[in-house]
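*Asks:* Below is the file entry_33.cif, with mmCIF, C-alpha atoms and all ligand atoms.
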```
data_run
loop_
_atom_site.label_atom_id
_atom_site.label_comp_id
_atom_site.auth_asym_id
_atom_site.auth_seq_id
_atom_site.Cartn_x
_atom_site.Cartn_y
_atom_site.Cartn_z
CA MET K 783 0.00 0.00 0.00
CA THR K 784 1.30 3.43 -0.93
CA VAL K 785 0.02 6.51 0.81
CA SER K 786 0.70 10.10 -0.12
CA GLY K 787 1.93 11.49 3.18
CA ALA K 788 1.20 15.04 4.23
CA ARG K 789 3.89 17.67 4.64
CA VAL K 790 3.80 19.66 7.83
CA GLU K 791 5.16 23.18 7.85
CA VAL K 792 5.55 25.20 10.98
CA ARG K 793 6.46 28.81 10.38
CA ASN K 794 7.29 31.35 13.06
CA LEU K 795 4.79 29.70 15.35
CA THR K 796 4.34 31.56 18.62
CA LYS K 797 1.99 31.08 21.56
CA LYS K 798 1.82 33.38 24.53
CA PHE K 799 -0.21 32.71 27.64
CA GLY K 800 -0.37 36.19 29.16
CA ASP K 801 3.24 37.29 29.58
CA PHE K 802 4.54 33.76 29.25
CA THR K 803 5.81 32.64 25.84
CA ALA K 804 5.20 28.88 25.63
CA VAL K 805 6.19 28.59 21.96
CA ASP K 806 8.59 31.12 20.56
CA ASP K 807 8.97 31.79 16.82
CA LEU K 808 9.21 28.10 16.00
CA SER K 809 9.84 26.98 12.41
CA PHE K 810 10.43 23.50 11.03
CA THR K 811 9.21 21.02 8.42
CA VAL K 812 8.08 17.40 8.71
CA GLU K 813 8.42 15.27 5.61
CA PRO K 814 6.26 12.35 4.42
CA GLY K 815 7.59 8.81 4.68
CA ARG K 816 9.72 9.67 7.69
CA ILE K 817 9.33 9.29 11.43
CA THR K 818 10.12 12.61 13.04
CA GLY K 819 10.76 12.99 16.76
CA PHE K 820 9.59 16.25 18.30
CA LEU K 821 11.76 16.45 21.36
CA GLY K 822 12.29 18.65 24.36
CA PRO K 823 12.24 18.53 28.15
CA ASN K 824 8.97 18.75 30.08
CA GLY K 825 7.39 22.13 29.56
CA ALA K 826 9.41 22.90 26.41
CA GLY K 827 6.23 23.59 24.44
CA LYS K 828 5.73 20.35 22.51
CA THR K 829 2.09 19.74 23.39
CA THR K 830 1.18 23.38 22.86
CA SER K 831 2.78 23.27 19.42
CA LEU K 832 0.98 20.05 18.54
CA ARG K 833 -2.30 21.49 19.74
CA MET K 834 -1.79 24.48 17.46
CA LEU K 835 -1.08 22.16 14.53
CA LEU K 836 -4.31 20.34 15.29
CA GLY K 837 -6.39 23.49 15.54
CA LEU K 838 -7.00 23.06 19.27
CA VAL K 839 -5.10 26.16 20.31
CA HIS K 840 -5.02 29.40 18.38
CA PRO K 841 -1.48 30.66 17.70
CA THR K 842 -0.55 34.13 18.87
CA SER K 843 1.28 34.42 15.56
CA GLY K 844 2.77 32.24 12.86
CA SER K 845 1.30 29.12 11.33
CA ALA K 846 1.35 25.34 11.35
CA THR K 847 -0.04 23.81 8.18
CA ILE K 848 -0.71 20.38 6.72
CA ASP K 849 0.03 20.33 3.01
CA GLY K 850 -0.34 24.09 3.11
CA GLN K 851 -3.71 24.09 4.86
CA ASP K 852 -4.73 24.89 8.40
CA TYR K 853 -6.12 21.83 10.16
CA LEU K 854 -9.45 23.59 10.60
CA ASP K 855 -9.73 24.09 6.83
CA LEU K 856 -9.18 20.42 5.98
CA ASP K 857 -11.99 18.59 4.29
CA GLN K 858 -12.71 15.36 6.23
CA PRO K 859 -9.75 15.88 8.59
CA ILE K 860 -9.90 12.29 9.91
CA THR K 861 -8.65 11.08 6.52
CA HIS K 862 -5.72 13.48 6.64
CA VAL K 863 -4.64 13.57 10.26
CA GLY K 864 -4.83 11.05 13.07
CA SER K 865 -3.64 12.16 16.47
CA ALA K 866 -3.30 10.95 20.02
CA LEU K 867 -2.53 13.60 22.58
CA GLU K 868 -3.43 11.97 25.84
CA ALA K 869 -3.70 8.31 26.64
CA THR K 870 -6.49 8.94 29.15
CA ASN K 871 -8.89 10.75 26.90
CA PHE K 872 -11.67 8.22 26.89
CA HIS K 873 -14.69 7.27 28.95
CA PRO K 874 -13.40 4.80 31.56
CA GLY K 875 -16.65 2.87 31.67
CA ARG K 876 -16.74 2.19 27.97
CA THR K 877 -15.04 -0.81 26.42
CA GLY K 878 -12.12 -0.25 24.11
CA ARG K 879 -14.20 -1.45 21.19
CA ASN K 880 -17.09 0.87 21.98
CA HIS K 881 -14.71 3.78 22.46
CA LEU K 882 -13.51 3.29 18.91
CA ARG K 883 -17.02 2.72 17.57
CA VAL K 884 -18.21 6.00 19.11
CA LEU K 885 -15.40 7.82 17.31
CA ALA K 886 -15.88 5.89 14.08
CA ALA K 887 -19.63 6.23 13.59
CA PRO K 888 -19.93 10.01 13.06
CA ALA K 889 -16.96 9.89 10.68
CA GLY K 890 -18.60 7.18 8.60
CA VAL K 891 -15.91 4.66 9.51
CA PRO K 892 -17.33 1.10 9.51
CA ASP K 893 -17.20 -1.19 12.57
CA SER K 894 -15.08 -3.60 10.55
CA ARG K 895 -12.29 -0.99 10.58
CA VAL K 896 -12.58 -0.80 14.37
CA ASP K 897 -12.07 -4.56 14.68
CA GLU K 898 -9.20 -4.44 12.22
CA LEU K 899 -7.45 -1.75 14.28
CA LEU K 900 -8.02 -3.59 17.55
CA GLU K 901 -6.16 -6.51 15.98
CA LEU K 902 -3.45 -4.34 14.46
CA THR K 903 -2.70 -2.57 17.74
CA GLY K 904 -2.69 -5.80 19.71
CA ILE K 905 -5.62 -5.13 22.03
CA ALA K 906 -8.27 -7.34 20.41
CA ALA K 907 -8.28 -9.67 23.43
CA ALA K 908 -9.21 -6.74 25.70
CA ALA K 909 -11.64 -5.14 23.25
CA ARG K 910 -14.70 -5.99 25.35
CA LYS K 911 -13.18 -4.91 28.63
CA ARG K 912 -13.70 -1.49 30.13
CA ALA K 913 -10.98 0.91 29.04
CA GLY K 914 -10.81 2.31 32.58
CA GLY K 915 -9.08 -0.90 33.59
CA TYR K 916 -6.53 -0.79 30.79
CA SER K 917 -2.85 -0.46 31.62
CA MET K 918 -1.04 2.64 30.39
CA GLY K 919 0.44 0.62 27.54
CA MET K 920 -3.01 -0.61 26.48
CA ARG K 921 -4.33 2.95 26.60
CA GLN K 922 -1.52 4.02 24.32
CA ARG K 923 -2.49 1.28 21.89
CA LEU K 924 -6.14 2.31 22.10
CA GLY K 925 -5.15 5.91 21.37
CA LEU K 926 -3.13 4.75 18.42
CA ALA K 927 -6.06 2.72 17.10
CA ALA K 928 -8.29 5.79 17.43
CA ALA K 929 -5.75 7.91 15.56
CA LEU K 930 -5.73 5.42 12.69
CA LEU K 931 -9.50 5.16 12.22
CA GLY K 932 -9.58 7.39 9.16
CA ASP K 933 -6.47 5.82 7.59
CA PRO K 934 -4.74 9.21 7.86
CA ARG K 935 -1.80 10.50 5.84
CA LEU K 936 -0.32 12.20 8.89
CA LEU K 937 -0.03 10.67 12.33
CA VAL K 938 0.64 12.91 15.32
CA LEU K 939 1.36 11.18 18.61
CA ASP K 940 2.20 12.86 21.91
CA GLU K 941 4.60 10.72 23.96
CA PRO K 942 3.38 7.42 22.44
CA ALA K 943 6.06 5.36 24.19
CA ASN K 944 4.95 6.48 27.67
CA GLY K 945 3.89 3.48 29.70
CA LEU K 946 5.03 0.90 27.17
CA ASP K 947 7.34 -1.88 28.34
CA PRO K 948 10.44 -2.68 26.26
CA GLU K 949 8.49 -5.20 24.20
CA GLY K 950 5.76 -2.59 23.64
CA ILE K 951 8.33 -0.02 22.56
CA ARG K 952 9.81 -2.53 20.13
CA TRP K 953 6.34 -3.22 18.77
CA LEU K 954 5.58 0.50 18.45
CA ARG K 955 8.83 1.05 16.60
CA GLY K 956 7.99 -1.63 14.05
CA PHE K 957 4.42 -0.41 13.70
CA LEU K 958 5.40 3.21 13.09
CA ARG K 959 8.13 2.09 10.71
CA HIS K 960 5.53 0.20 8.72
CA LEU K 961 3.23 3.24 8.59
CA ALA K 962 6.04 5.54 7.47
CA GLY K 963 7.13 2.90 4.96
CA GLU K 964 3.73 3.21 3.33
CA GLY K 965 4.49 6.88 2.80
CA ARG K 966 2.68 8.37 5.78
CA THR K 967 4.09 11.23 7.78
CA VAL K 968 4.70 10.24 11.39
CA LEU K 969 5.35 12.86 14.04
CA ILE K 970 5.91 11.76 17.64
CA SER K 971 6.84 13.80 20.66
CA SER K 972 8.99 12.71 23.56
CA HIS K 973 10.86 14.32 26.43
CA LEU K 974 13.48 11.56 26.18
CA LEU K 975 15.69 11.33 23.14
CA GLN K 976 16.90 7.94 24.34
CA GLU K 977 13.34 6.58 24.26
CA VAL K 978 12.85 7.33 20.56
CA GLU K 979 16.43 7.38 19.31
CA GLN K 980 16.04 4.06 17.53
CA THR K 981 12.55 4.86 16.29
CA VAL K 982 12.91 8.21 14.56
CA ASP K 983 14.66 9.24 11.35
CA GLU K 984 14.56 12.96 11.96
CA VAL K 985 14.57 15.12 15.06
CA VAL K 986 13.23 18.54 15.92
CA ILE K 987 14.53 19.55 19.34
CA ILE K 988 13.06 22.46 21.23
CA SER K 989 13.90 24.09 24.51
CA ASN K 990 11.99 26.89 26.21
CA GLY K 991 9.64 27.02 23.24
CA ARG K 992 12.44 27.59 20.76
CA LEU K 993 14.07 25.42 18.14
CA VAL K 994 17.56 24.29 19.07
CA ARG K 995 18.19 21.55 16.52
CA GLU K 996 16.62 20.06 13.43
CA GLY K 997 17.97 17.30 11.23
CA SER K 998 18.48 13.59 10.83
CA VAL K 999 19.48 11.30 13.67
CA GLY K 1000 22.58 10.50 11.62
CA ASP K 1001 23.52 14.19 11.57
CA LEU K 1002 22.94 14.35 15.30
CA ARG K 1003 25.24 11.39 15.85
CA GLY K 1004 27.89 13.11 13.78
CA ALA K 1005 30.68 11.53 11.81
CA ALA K 1006 31.38 7.87 12.45
CA SER K 1007 34.53 7.01 14.36
CA CYS K 1008 36.10 4.12 16.19
CA LEU K 1009 38.58 3.46 18.93
CA VAL K 1010 41.61 1.25 18.53
CA ARG K 1011 43.99 0.38 21.39
CA THR K 1012 47.52 -0.84 20.81
CA THR K 1013 50.84 -1.09 22.65
CA ASP K 1014 52.60 0.69 19.78
CA THR K 1015 50.68 3.88 19.05
CA ASP K 1016 53.49 5.55 17.11
CA THR K 1017 53.74 2.73 14.58
CA LEU K 1018 49.97 2.45 14.17
CA LEU K 1019 49.53 6.22 13.85
CA GLY K 1020 52.18 6.23 11.11
CA ALA K 1021 50.49 3.34 9.29
CA LEU K 1022 47.09 5.04 9.52
CA ARG K 1023 48.61 8.22 8.11
CA VAL K 1024 50.00 6.26 5.16
CA ALA K 1025 46.54 4.70 4.68
CA ASP K 1026 45.15 8.25 4.58
CA VAL K 1027 42.98 7.75 7.65
CA THR K 1028 42.69 10.59 10.16
CA ALA K 1029 43.60 9.44 13.65
CA THR K 1030 44.05 11.15 17.01
CA PRO K 1031 46.06 9.60 19.84
CA GLY K 1032 44.49 9.44 23.30
CA GLN K 1033 45.59 7.95 26.61
CA ASP K 1034 46.66 4.40 27.47
CA GLY K 1035 47.39 3.37 23.89
CA GLU K 1036 44.06 4.60 22.58
CA ILE K 1037 43.68 6.07 19.12
CA VAL K 1038 40.42 7.57 17.86
CA VAL K 1039 40.07 7.02 14.13
CA ASP K 1040 37.68 8.99 11.91
CA THR K 1041 36.00 6.01 10.28
CA ASP K 1042 33.75 3.19 11.38
CA ASP K 1043 35.44 0.74 8.99
CA LEU K 1044 36.82 -1.65 11.63
CA ARG K 1045 38.10 -4.08 9.01
CA LEU K 1046 40.24 -1.35 7.44
CA ILE K 1047 41.80 -0.49 10.82
CA GLY K 1048 42.41 -4.16 11.59
CA ASP K 1049 44.11 -4.68 8.21
CA VAL K 1050 46.29 -1.58 8.64
CA ALA K 1051 47.37 -2.79 12.09
CA LEU K 1052 48.12 -6.29 10.79
CA ARG K 1053 50.25 -4.96 7.95
CA ALA K 1054 52.08 -2.66 10.41
CA GLY K 1055 52.68 -5.65 12.69
CA VAL K 1056 51.26 -3.95 15.80
CA PRO K 1057 49.09 -5.77 18.35
CA VAL K 1058 45.46 -4.61 18.67
CA HIS K 1059 44.00 -4.93 22.16
CA GLU K 1060 40.68 -3.22 21.48
CA LEU K 1061 38.80 -2.15 18.37
CA ARG K 1062 35.24 -0.83 18.51
CA PRO K 1063 32.93 1.78 16.98
CA LEU K 1064 32.44 4.92 19.07
CA ALA K 1065 28.79 5.74 19.63
CA ALA K 1066 27.89 9.39 20.04
CA ASP K 1067 26.39 10.11 23.44
CA LEU K 1068 23.08 11.44 22.16
CA GLU K 1069 21.56 11.78 25.59
CA GLN K 1070 24.44 14.00 26.70
CA LEU K 1071 24.05 16.02 23.51
CA PHE K 1072 20.32 16.34 24.14
CA PHE K 1073 20.92 17.64 27.66
CA SER K 1074 23.51 20.12 26.47
CA LEU K 1075 21.19 21.36 23.72
CA THR K 1076 18.27 21.77 26.06
CA GLU K 1077 20.40 22.82 29.03
CA GLY K 1078 18.48 20.39 31.18
CA THR K 1079 15.65 22.91 31.34
CA ASN K 1080 12.27 21.87 32.63
CA ARG K 1081 9.85 24.75 32.82
CA ASN K 1082 7.31 22.59 34.60
CA LEU K 1083 9.70 22.47 37.54
CA GLY K 1084 10.11 26.23 37.48
CA SER K 1085 13.73 25.95 36.37
CA ALA K 1086 13.26 27.82 33.13
CA VAL K 1087 16.42 29.40 31.90
CA GLU K 1088 16.10 31.40 28.75
CA SER K 1089 18.52 29.58 26.51
CA GLY K 1090 20.49 32.18 24.69
CA GLY K 1091 22.56 29.86 22.58
CA THR K 1092 22.37 26.95 20.26
CA ARG K 1093 19.81 28.14 17.79
CA ALA K 1094 19.70 25.86 14.86
CA GLU K 1095 17.66 25.34 11.80
CA PRO K 1096 14.03 24.35 11.41
CA MET K 1097 11.55 21.29 11.41
CA THR K 1098 7.94 20.07 12.93
CA PRO K 1099 5.41 19.32 15.88
CA VAL K 1100 2.01 18.10 16.99
CA ALA K 1101 -1.10 15.98 18.27
CA THR K 1102 -4.60 15.08 19.69
CA ALA K 1103 -7.24 12.57 19.84
CA GLY K 1104 -9.47 11.33 22.48
CA GLN K 1105 -13.05 12.20 22.43
CA GLU K 1106 -15.96 11.83 24.65
CA GLY K 1107 -18.38 9.02 24.30
CA LYS K 1108 -21.26 7.49 26.05
CA ASP K 1109 -21.73 4.42 28.09
CA ASP K 1110 -21.71 1.04 26.50
N1 LIG Q 1 -3.22 27.07 28.93
C1 LIG Q 1 -2.05 27.41 29.45
N2 LIG Q 1 -1.93 28.51 30.22
C2 LIG Q 1 -0.72 28.85 30.74
N3 LIG Q 1 0.42 28.18 30.54
C3 LIG Q 1 0.36 27.09 29.79
C4 LIG Q 1 -0.87 26.63 29.19
N4 LIG Q 1 -0.61 25.52 28.48
C5 LIG Q 1 0.70 25.26 28.62
N5 LIG Q 1 1.29 26.19 29.41
C6 LIG Q 1 2.70 26.28 29.77
O1 LIG Q 1 3.45 26.29 28.58
C7 LIG Q 1 4.66 25.56 28.74
C8 LIG Q 1 4.74 24.52 27.66
O2 LIG Q 1 3.79 23.49 27.97
P1 LIG Q 1 3.63 22.22 27.04
O3 LIG Q 1 2.61 21.34 27.69
O4 LIG Q 1 3.40 22.64 25.66
O5 LIG Q 1 5.06 21.56 27.15
P2 LIG Q 1 5.55 20.11 26.76
O6 LIG Q 1 6.85 20.29 26.08
O7 LIG Q 1 4.47 19.40 26.04
O8 LIG Q 1 5.78 19.47 28.17
P3 LIG Q 1 5.42 17.99 28.72
O9 LIG Q 1 6.49 17.10 28.17
O10 LIG Q 1 5.53 18.17 30.21
O11 LIG Q 1 4.03 17.67 28.26
C9 LIG Q 1 4.63 24.98 30.15
O12 LIG Q 1 5.41 25.80 31.00
C10 LIG Q 1 3.18 25.03 30.53
O13 LIG Q 1 3.02 25.18 31.92
#
```
Would you mind writing the structure in this file as structure tokens?
*Replies:*
Amino acid sequence: MTVSGARVEVRNLTKKFGDFTAVDDLSFTVEPGRITGFLGPNGAGKTTSLRMLLGLVHPTSGSATIDGQDYLDLDQPITHVGSALEATNFHPGRTGRNHLRVLAAPAGVPDSRVDELLELTGIAAAARKRAGGYSMGMRQRLGLAAALLGDPRLLVLDEPANGLDPEGIRWLRGFLRHLAGEGRTVLISSHLLQEVEQTVDEVVIISNGRLVREGSVGDLRGAASCLVRTTDTDTLLGALRVADVTATPGQDGEIVVDTDDLRLIGDVALRAGVPVHELRPLAADLEQLFFSLTEGTNRNLGSAVESGGTRAEPMTPVATAGQEGKDD
């Protein structure tokens, strides 16, 4: 199945609550066929941005559009955008199945689609149980099923990994990958880069309502490198130089080499006749990078520090779902 994903454009988006600027001149783009992580510490402004994208909050200035249109101007929005903002936005006394049916009916979505989504999201066995008794992970799955009712081109999920166990996170990763693989645009928020690092292709990082970084996860990780340890650093450094590989000596026989081609390094060392005691790729510490970009700020804890620095380039936000229903 091929889906024409929607392009999200956020331009100079700003939201003030009184004197407080929750979202500050935010610009970024979210591309179809990709999973984009919208990241920032608690209180950074992610949910507010997503709510503006979904037409739930009116921007003070700027815009957030879906294929060039405001959410509120979309014809049959359920077919364009599916969102899940809060995993508790359902009637606790209603079964999971009825929750979905209540959302589906007014949108003209057949009950067969509800049953299909209950299967797809792995909660079919609990479909006739009251949603109030669902675990957090099951609520997340129910929210995801609700977001997918209209087979949308854009999926906006606020903290979808919250409450999922490692197996659930692995499942979510595969599920979102499948949806993006069909061409859909997938935008997920998280306050933990680590939680979504292996899920997302692109990141938009905000802090104090402002963009601090936008780009691919690969860009964030930076250039590949590896560490090699030997008892004869001088000889190995010379051999690496001859092989035209940039290398920097460290302590205790360590050399950091600007490539992740371990075989090449091993071959160079063998030819130079030096012993290799360690050889491994060096992973960038993304979590540390995330903290330095966001300065560990958490406005919800009252520790807001206006970040003066690290402005970067642009990318995108989002989300909502959850409606009211009636009893079974
Ligand atoms: N209606 C409102 N009135 C006043 N302040 C608000 C309102 N909504 C949000 N805020 C404030 O705006 C800031 C951004 O909140 P927002 O919920 O968008 O952040 P977030 O990045 O989604 O955080 P979290 O990860 O905790 O959900 C917070 O300091 C919050 O207290």
*Asks:* Show me which residues sit within 6 Å of ligand LIG 1 (chain Q) when counting all atoms listed in the file, and put them as a ChimeraX atom specification.
*Replies:* /K:799,804,822-830,973,1081-1082
*Asks:* Could you check the closest approach to K:Leu926 for each of K:Gly950, K:Gly864, K:Gly878, K:Gly963 and tell me which residue wins, using all atoms listed in the file?
*Replies:*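 The closest residue to K:Leu926 is K:Gly864.
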*Asks:* Between atom CA of K:Arg879 and atom CA of K:Gln922, what distance in Å does the model show, to one decimal?
*Replies:*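 Taking atom CA of K:Arg879 as the start and atom CA of K:Gln922 as the end point, the length is 14.2 Å.
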*Asks:* Identify, on the basis of all atoms listed in the file, every residue whose closest approach to stretch 904-906 of chain K does not exceed 9 Å; exclude the query and any residue fewer than 5 positions from it along the same chain; express the result as a list in words.
*Replies:*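 My reading of the contact set: Gly878, Arg879, Asp897, Glu898, Leu899, Met920, Arg923 and Leu924 of chain K.
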*Asks:* Identify, on the basis of only C-alpha atoms, every residue whose closest approach to K:Glu813 does not exceed 12 Å; exclude the query and any residue fewer than 4 positions from it along the same chain; express the result as a PyMOL selection string.
*Replies:* chain K and resi 786-792+817-819+848-849+935-937+962+965-969+983-986+997-998+1097-1099
*Asks:* Out of K:Gly925, K:Pro942, K:Pro892, K:Pro874, which residue has the shortest atom-to-atom distance to K:Arg912 when counting all atoms listed in the file?
*Replies:*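 Checking each of K:Gly925, K:Pro942, K:Pro892, K:Pro874 against K:Arg912, counting all atoms listed in the file, the winner is K:Pro874.
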*Asks:* What does the distance from atom CA of K:Ala1054 to atom CA of K:Ala1021 come to in Å, to one decimal?
*Replies:*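 Taking atom CA of K:Ala1054 as the start and atom CA of K:Ala1021 as the end point, the length is 6.3 Å.
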*Asks:* At a cut-off of 8 Å, using all atoms listed in the file, what residues contact K:Val1058? Leave out same-chain residues fewer than 5 positions from it and give the result as a list in words.
*Replies:*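 Result of the neighbour search: Val1010, Arg1011, Thr1012, Thr1013, Gly1048 and Ala1051 of chain K.
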*Asks:* For K:Ser843, list every protein, DNA or RNA residue within 10 Å, evaluated using all atoms listed in the file, and leave out those in the same chain fewer than 6 positions away; present the list as a list in words.
*Replies:*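 Final neighbour list, sorted by chain and number: Arg793, Asn794, Leu795, Thr796, Lys797, Lys798, Val805, Asp806 and Asp807 of chain K.
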*Asks:* Separation of atom CA of K:Val1027 and atom CA of K:Asp1014, in Å?
*Replies:*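 Taking atom CA of K:Val1027 and atom CA of K:Asp1014, their separation equals 17.0 Å.
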*Asks:* Point out the residue among K:Thr1028, K:Thr981, K:Ser989, K:Ser1074 with the least atom-to-atom distance to K:Ala1006, counting all atoms listed in the file.
*Replies:*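 Ranked by minimum distance to K:Ala1006, first place goes to K:Thr1028.
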*Asks:* Looking at only C-alpha atoms, which of K:Asn944, K:Ser809, K:Thr1015, K:Ser894 is the one that sits closest to K:Leu882?
*Replies:*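 Closest residue, counting only C-alpha atoms: K:Ser894.
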*Asks:* When you look at K:Asp855 with a cut-off of 12 Å (counting all atoms listed in the file), what residues show up, excluding the ones that are within fewer than 6 positions of it in the same chain? I need them as a list in words.
*Replies:*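 My list of contacting residues is Leu835, Leu836, Gly837, Thr847, Ile848, Asp849 and His862 of chain K.
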*Asks:* So, counting only C-alpha atoms, which residue among K:Ser971, K:Ser865, K:Thr1041, K:Gln851 is closest to K:Leu838?
*Replies:*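 Checking each candidate against K:Leu838, we get K:Ser865 as the closest.
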*Asks:* Which residue gives the smallest distance to K:Phe802 among K:Phe957, K:Gly1020, K:Thr842, K:Ala887, with all atoms listed in the file counted?
*Replies:*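 For K:Phe802, the nearest of the candidates is K:Thr842.
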